[in-house]
Amino acid sequence: MNVLLVSRGATHHGGHDAIHRLAAAVAEATSVPVRACFLDGAEPSLHAALDAAPEHAEVLLVATHLPPDRYLDTWLRRAVAHWRTTRDRQVRVLLAPPLATQPALVTAVSDAITGAHTTLDGNPGPFRSPAWSQITRHRRHVLVCRGPRCTAYGANQVVATLGNRLKEHGLGDDDVLVTATGCLFPCNLGPLVVVYPDDTWYEHVDAGLAVRIADVHLRDGTPIDGRRHHRGDTAVNPEP
Ligand code: FES
């Protein structure tokens with residue numbers, strides 16, 4: 001049995017390492033192979049983690065979220081169904097009961113109540129620093145979808161490639177502001193990268209196209225024909 005702790009990277013900012021640490025701790029406690037993966041917003045993606053499972057393996061998915069997250073529960077099923085129909089693999093995928101229904105959760109919260117406490121008396125300055133009033137002077141705003149479908153299609157690699165390339169070109173937030181987003185709707189065109197104010201929607205972006213977008217569009221200022229749309233367009237061939 002292989003175990004995957006599946007959580008949402010898009011809504012658990014800064015919690016990715018904690019999930020990986022939890023997976024390592026559970027693996028040590030159970031002597032079972034346990035890995036962490038993400039439905040969206042971080043890597044490895046659920047698809048990549050399933051790809052890494054040995055042939056003929058049984059993979060148990062544990063949706064790792066508190067409180068209950070209906071989005072994760074719903075999309076977990078859809079993502080696995082997509083993975084199964086796009087791979088020629090003999091892997092049996094199982095689903096564990098929600099963590100929120102585990103009786104041990106009550107014990108964990110009770111222990112937290114009766115355990116050692118920390119007084120919260122920190123400086124409120126960082127909450128309302130003047131820096132958070134400053135709108136950047138960016139020439140272009142790039143939205144990179146990290147929703148569940150785009151993540152399944154490879155958005156994690158797109159984000160990394162785009163970021164690295166812009167850095168190589170010395171383009172910071174005041175030149176090109178890159179924002180990772182949740183689902184932008186035309187999921188069949190994913191991974192999606194959108195550039196404003198040019199109203200340019202790039203479809204099926206892979207690492208190679210991400211490099212060209214950074215070089216030709218974001219550095220040199222020329223949108224790339226062939227894989228782009230505008231608001232309101234419908235792709236002729238929406239399937240990746
Ligand atoms: S997941 Fe990217 S557009 Fe829906």
# chains A, B, ... in the order shown; residues from 1 in each chain; ligands from 1
call {"tool": "closest_atom_pairs", "arguments": {"of": "chain A", "to": "ligand 1", "cutoff": "8 Å", "atoms": "only C-alpha atoms and all ligand atoms", "output": "Markdown table"}}
result
| residue | atom | partner | partner_atom_place_in_ligand_line | distance |
| --- | --- | --- | --- | --- |
| A:Cys145 | CA | ligand 1 | 2 (Fe) | 4.7 |
| A:Arg146 | CA | ligand 1 | 2 (Fe) | 6.0 |
| A:Gly147 | CA | ligand 1 | 1 (S) | 3.6 |
| A:Pro148 | CA | ligand 1 | 1 (S) | 4.9 |
| A:Arg149 | CA | ligand 1 | 1 (S) | 4.1 |
| A:Cys150 | CA | ligand 1 | 2 (Fe) | 4.3 |
| A:Thr151 | CA | ligand 1 | 1 (S) | 6.9 |
| A:Gly182 | CA | ligand 1 | 1 (S) | 6.6 |
| A:Cys183 | CA | ligand 1 | 4 (Fe) | 3.7 |
| A:Leu184 | CA | ligand 1 | 3 (S) | 4.0 |
| A:Phe185 | CA | ligand 1 | 3 (S) | 4.3 |
| A:Pro186 | CA | ligand 1 | 3 (S) | 4.7 |
| A:Cys187 | CA | ligand 1 | 3 (S) | 3.6 |
| A:Asn188 | CA | ligand 1 | 3 (S) | 7.2 |
| A:Leu189 | CA | ligand 1 | 3 (S) | 7.1 |
| A:Gly190 | CA | ligand 1 | 2 (Fe) | 5.5 |
| A:Pro191 | CA | ligand 1 | 2 (Fe) | 6.1 |
| A:Leu192 | CA | ligand 1 | 2 (Fe) | 6.0 |
call {"tool": "select_by_dssp", "arguments": {"residues": "chain A", "states": "strand (DSSP E or B)", "output": "JSON, numbers by chain"}}
result
{"A": [2, 3, 4, 5, 6, 7, 34, 35, 36, 37, 38, 45, 58, 59, 60, 61, 62, 63, 92, 93, 94, 95, 140, 141, 142, 143, 144, 145, 176, 177, 178, 179, 180, 181, 193, 194, 195, 196, 200, 201, 202, 228, 229]}
call {"tool": "closest_atom_pairs", "arguments": {"of": "region 79-193 of chain A", "to": "region 38-59 of chain A", "cutoff": "12 Å", "atoms": "only C-alpha atoms", "output": "JSON lines"}}
result
{"residue": "A:Ala79", "atom": "CA", "partner": "A:His47", "partner_atom": "CA", "distance": 7.5}
{"residue": "A:Val80", "atom": "CA", "partner": "A:His47", "partner_atom": "CA", "distance": 7.6}
{"residue": "A:Ala81", "atom": "CA", "partner": "A:His47", "partner_atom": "CA", "distance": 10.4}
{"residue": "A:His82", "atom": "CA", "partner": "A:His47", "partner_atom": "CA", "distance": 8.9}
{"residue": "A:Trp83", "atom": "CA", "partner": "A:His47", "partner_atom": "CA", "distance": 6.2}
{"residue": "A:Arg84", "atom": "CA", "partner": "A:Leu50", "partner_atom": "CA", "distance": 9.4}
{"residue": "A:Thr85", "atom": "CA", "partner": "A:His47", "partner_atom": "CA", "distance": 11.7}
{"residue": "A:Thr86", "atom": "CA", "partner": "A:His47", "partner_atom": "CA", "distance": 10.1}
{"residue": "A:Arg87", "atom": "CA", "partner": "A:Asp51", "partner_atom": "CA", "distance": 8.4}
{"residue": "A:Asp88", "atom": "CA", "partner": "A:Glu55", "partner_atom": "CA", "distance": 10.0}
{"residue": "A:Arg89", "atom": "CA", "partner": "A:Glu55", "partner_atom": "CA", "distance": 6.6}
{"residue": "A:Gln90", "atom": "CA", "partner": "A:His56", "partner_atom": "CA", "distance": 4.9}
{"residue": "A:Val91", "atom": "CA", "partner": "A:His56", "partner_atom": "CA", "distance": 4.9}
{"residue": "A:Arg92", "atom": "CA", "partner": "A:Glu58", "partner_atom": "CA", "distance": 4.7}
{"residue": "A:Val93", "atom": "CA", "partner": "A:Val59", "partner_atom": "CA", "distance": 4.8}
{"residue": "A:Leu94", "atom": "CA", "partner": "A:Val59", "partner_atom": "CA", "distance": 6.0}
{"residue": "A:Leu95", "atom": "CA", "partner": "A:Val59", "partner_atom": "CA", "distance": 8.4}
{"residue": "A:Ala96", "atom": "CA", "partner": "A:Val59", "partner_atom": "CA", "distance": 10.2}
{"residue": "A:Val144", "atom": "CA", "partner": "A:Gly41", "partner_atom": "CA", "distance": 10.2}
{"residue": "A:Cys145", "atom": "CA", "partner": "A:Gly41", "partner_atom": "CA", "distance": 8.6}
{"residue": "A:Arg146", "atom": "CA", "partner": "A:Gly41", "partner_atom": "CA", "distance": 5.0}
{"residue": "A:Gly147", "atom": "CA", "partner": "A:Asp40", "partner_atom": "CA", "distance": 5.4}
{"residue": "A:Pro148", "atom": "CA", "partner": "A:Asp40", "partner_atom": "CA", "distance": 4.8}
{"residue": "A:Arg149", "atom": "CA", "partner": "A:Asp40", "partner_atom": "CA", "distance": 8.1}
{"residue": "A:Cys150", "atom": "CA", "partner": "A:Asp40", "partner_atom": "CA", "distance": 8.1}
{"residue": "A:Thr151", "atom": "CA", "partner": "A:Asp40", "partner_atom": "CA", "distance": 5.4}
{"residue": "A:Ala152", "atom": "CA", "partner": "A:His47", "partner_atom": "CA", "distance": 5.8}
{"residue": "A:Tyr153", "atom": "CA", "partner": "A:His47", "partner_atom": "CA", "distance": 8.5}
{"residue": "A:Gly154", "atom": "CA", "partner": "A:Ser45", "partner_atom": "CA", "distance": 8.3}
{"residue": "A:Ala155", "atom": "CA", "partner": "A:Gly41", "partner_atom": "CA", "distance": 8.3}
{"residue": "A:Asn156", "atom": "CA", "partner": "A:Glu43", "partner_atom": "CA", "distance": 6.4}
{"residue": "A:Gln157", "atom": "CA", "partner": "A:Glu43", "partner_atom": "CA", "distance": 8.9}
{"residue": "A:Val158", "atom": "CA", "partner": "A:Gly41", "partner_atom": "CA", "distance": 11.5}
{"residue": "A:Val159", "atom": "CA", "partner": "A:Gly41", "partner_atom": "CA", "distance": 9.7}
{"residue": "A:Ala160", "atom": "CA", "partner": "A:Ala42", "partner_atom": "CA", "distance": 10.5}
{"residue": "A:Thr179", "atom": "CA", "partner": "A:Gly41", "partner_atom": "CA", "distance": 11.5}
{"residue": "A:Ala180", "atom": "CA", "partner": "A:Gly41", "partner_atom": "CA", "distance": 7.9}
{"residue": "A:Thr181", "atom": "CA", "partner": "A:Gly41", "partner_atom": "CA", "distance": 8.3}
{"residue": "A:Gly182", "atom": "CA", "partner": "A:Gly41", "partner_atom": "CA", "distance": 8.0}
{"residue": "A:Cys183", "atom": "CA", "partner": "A:Asp40", "partner_atom": "CA", "distance": 9.6}
{"residue": "A:Pro191", "atom": "CA", "partner": "A:Asp40", "partner_atom": "CA", "distance": 11.8}
call {"tool": "atom_distance", "arguments": {"atom1": "CA of Phe127 (chain A)", "atom2": "CA of Pro67 (chain A)"}}
result
25.1 Å
call {"tool": "residues_around", "arguments": {"residues": "Val34 (chain A)", "least_positions_apart": "4", "cutoff": "9 Å", "atoms": "only C-alpha atoms", "output": "list in words"}}
result
Asn2, Val3, Leu4, Leu5, Ala23, Ala24, Ala25, Val26, Ala27, Glu28 and Thr30 of chain A
call {"tool": "write_last_selection", "arguments": {"atoms": "all heavy atoms", "output": "PDB file, in the first residue's frame"}}
result
ATOM      1  N   ASN A   2       0.597   2.152  -0.949  1.00  0.00           N
ATOM      2  CA  ASN A   2       1.239   3.468  -0.972  1.00  0.00           C
ATOM      3  C   ASN A   2       0.204   4.496  -0.527  1.00  0.00           C
ATOM      4  O   ASN A   2      -0.965   4.373  -0.880  1.00  0.00           O
ATOM      5  CB  ASN A   2       1.697   3.824  -2.382  1.00  0.00           C
ATOM      6  CG  ASN A   2       2.872   2.967  -2.827  1.00  0.00           C
ATOM      7  OD1 ASN A   2       3.999   3.433  -2.849  1.00  0.00           O
ATOM      8  ND2 ASN A   2       2.613   1.716  -3.168  1.00  0.00           N
ATOM      9  N   VAL A   3       0.647   5.472   0.220  1.00  0.00           N
ATOM     10  CA  VAL A   3      -0.290   6.480   0.731  1.00  0.00           C
ATOM     11  C   VAL A   3       0.108   7.862   0.209  1.00  0.00           C
ATOM     12  O   VAL A   3       1.285   8.223   0.212  1.00  0.00           O
ATOM     13  CB  VAL A   3      -0.294   6.492   2.278  1.00  0.00           C
ATOM     14  CG1 VAL A   3      -1.203   7.602   2.804  1.00  0.00           C
ATOM     15  CG2 VAL A   3      -0.740   5.142   2.819  1.00  0.00           C
ATOM     16  N   LEU A   4      -0.896   8.590  -0.269  1.00  0.00           N
ATOM     17  CA  LEU A   4      -0.676   9.983  -0.682  1.00  0.00           C
ATOM     18  C   LEU A   4      -1.533  10.899   0.189  1.00  0.00           C
ATOM     19  O   LEU A   4      -2.755  10.737   0.249  1.00  0.00           O
ATOM     20  CB  LEU A   4      -1.064  10.180  -2.145  1.00  0.00           C
ATOM     21  CG  LEU A   4      -0.205   9.480  -3.200  1.00  0.00           C
ATOM     22  CD1 LEU A   4      -0.770   9.732  -4.595  1.00  0.00           C
ATOM     23  CD2 LEU A   4       1.243   9.968  -3.119  1.00  0.00           C
ATOM     24  N   LEU A   5      -0.894  11.825   0.892  1.00  0.00           N
ATOM     25  CA  LEU A   5      -1.633  12.876   1.588  1.00  0.00           C
ATOM     26  C   LEU A   5      -1.883  13.976   0.572  1.00  0.00           C
ATOM     27  O   LEU A   5      -0.946  14.577   0.055  1.00  0.00           O
ATOM     28  CB  LEU A   5      -0.818  13.433   2.757  1.00  0.00           C
ATOM     29  CG  LEU A   5      -0.299  12.446   3.804  1.00  0.00           C
ATOM     30  CD1 LEU A   5       0.294  13.222   4.985  1.00  0.00           C
ATOM     31  CD2 LEU A   5      -1.388  11.508   4.277  1.00  0.00           C
ATOM     32  N   ALA A  23       3.835  13.931   6.172  1.00  0.00           N
ATOM     33  CA  ALA A  23       3.955  12.678   5.406  1.00  0.00           C
ATOM     34  C   ALA A  23       5.165  11.875   5.889  1.00  0.00           C
ATOM     35  O   ALA A  23       5.076  10.652   6.084  1.00  0.00           O
ATOM     36  CB  ALA A  23       4.081  12.982   3.912  1.00  0.00           C
ATOM     37  N   ALA A  24       6.275  12.568   6.124  1.00  0.00           N
ATOM     38  CA  ALA A  24       7.480  11.873   6.580  1.00  0.00           C
ATOM     39  C   ALA A  24       7.258  11.266   7.967  1.00  0.00           C
ATOM     40  O   ALA A  24       7.674  10.126   8.242  1.00  0.00           O
ATOM     41  CB  ALA A  24       8.663  12.843   6.600  1.00  0.00           C
ATOM     42  N   ALA A  25       6.589  12.028   8.836  1.00  0.00           N
ATOM     43  CA  ALA A  25       6.349  11.531  10.200  1.00  0.00           C
ATOM     44  C   ALA A  25       5.411  10.325  10.185  1.00  0.00           C
ATOM     45  O   ALA A  25       5.621   9.341  10.914  1.00  0.00           O
ATOM     46  CB  ALA A  25       5.766  12.649  11.065  1.00  0.00           C
ATOM     47  N   VAL A  26       4.378  10.392   9.345  1.00  0.00           N
ATOM     48  CA  VAL A  26       3.438   9.259   9.270  1.00  0.00           C
ATOM     49  C   VAL A  26       4.140   8.045   8.678  1.00  0.00           C
ATOM     50  O   VAL A  26       3.934   6.902   9.123  1.00  0.00           O
ATOM     51  CB  VAL A  26       2.192   9.640   8.434  1.00  0.00           C
ATOM     52  CG1 VAL A  26       1.274   8.443   8.246  1.00  0.00           C
ATOM     53  CG2 VAL A  26       1.430  10.775   9.099  1.00  0.00           C
ATOM     54  N   ALA A  27       5.003   8.272   7.693  1.00  0.00           N
ATOM     55  CA  ALA A  27       5.751   7.152   7.097  1.00  0.00           C
ATOM     56  C   ALA A  27       6.611   6.478   8.153  1.00  0.00           C
ATOM     57  O   ALA A  27       6.683   5.241   8.225  1.00  0.00           O
ATOM     58  CB  ALA A  27       6.622   7.665   5.946  1.00  0.00           C
ATOM     59  N   GLU A  28       7.242   7.293   8.996  1.00  0.00           N
ATOM     60  CA  GLU A  28       8.095   6.719  10.038  1.00  0.00           C
ATOM     61  C   GLU A  28       7.258   5.954  11.063  1.00  0.00           C
ATOM     62  O   GLU A  28       7.637   4.880  11.516  1.00  0.00           O
ATOM     63  CB  GLU A  28       8.878   7.837  10.720  1.00  0.00           C
ATOM     64  CG  GLU A  28      10.018   7.300  11.559  1.00  0.00           C
ATOM     65  CD  GLU A  28      10.854   8.428  12.139  1.00  0.00           C
ATOM     66  OE1 GLU A  28      11.000   9.471  11.464  1.00  0.00           O
ATOM     67  OE2 GLU A  28      11.359   8.254  13.262  1.00  0.00           O
ATOM     68  N   THR A  30       4.332   4.515  10.635  1.00  0.00           N
ATOM     69  CA  THR A  30       3.569   3.369  10.121  1.00  0.00           C
ATOM     70  C   THR A  30       4.422   2.397   9.313  1.00  0.00           C
ATOM     71  O   THR A  30       3.945   1.310   8.977  1.00  0.00           O
ATOM     72  CB  THR A  30       2.431   3.867   9.204  1.00  0.00           C
ATOM     73  OG1 THR A  30       3.010   4.595   8.108  1.00  0.00           O
ATOM     74  CG2 THR A  30       1.455   4.747   9.962  1.00  0.00           C
TER      75      THR A  30
END
call {"tool": "select_by_dssp", "arguments": {"residues": "region 24-153 of chain A", "states": "alpha helix (DSSP H)", "output": "JSON, numbers by chain"}}
result
{"A": [24, 25, 26, 27, 28, 29, 30, 46, 47, 48, 49, 50, 51, 70, 71, 72, 73, 74, 75, 76, 77, 78, 79, 80, 81, 82, 83, 84, 85, 86, 104, 105, 106, 107, 108, 109, 110, 111, 112, 113, 114, 148, 149, 150, 151, 152]}
call {"tool": "closest_residue", "arguments": {"among": "A:Asp198, A:Arg128, A:Arg165, A:Gly208", "to": "Thr222 (chain A)", "atoms": "only C-alpha atoms"}}
result
A:Asp198
call {"tool": "atom_distance", "arguments": {"atom1": "CA of His229 (chain A)", "atom2": "CA of Gly170 (chain A)"}}
result
27.3 Å
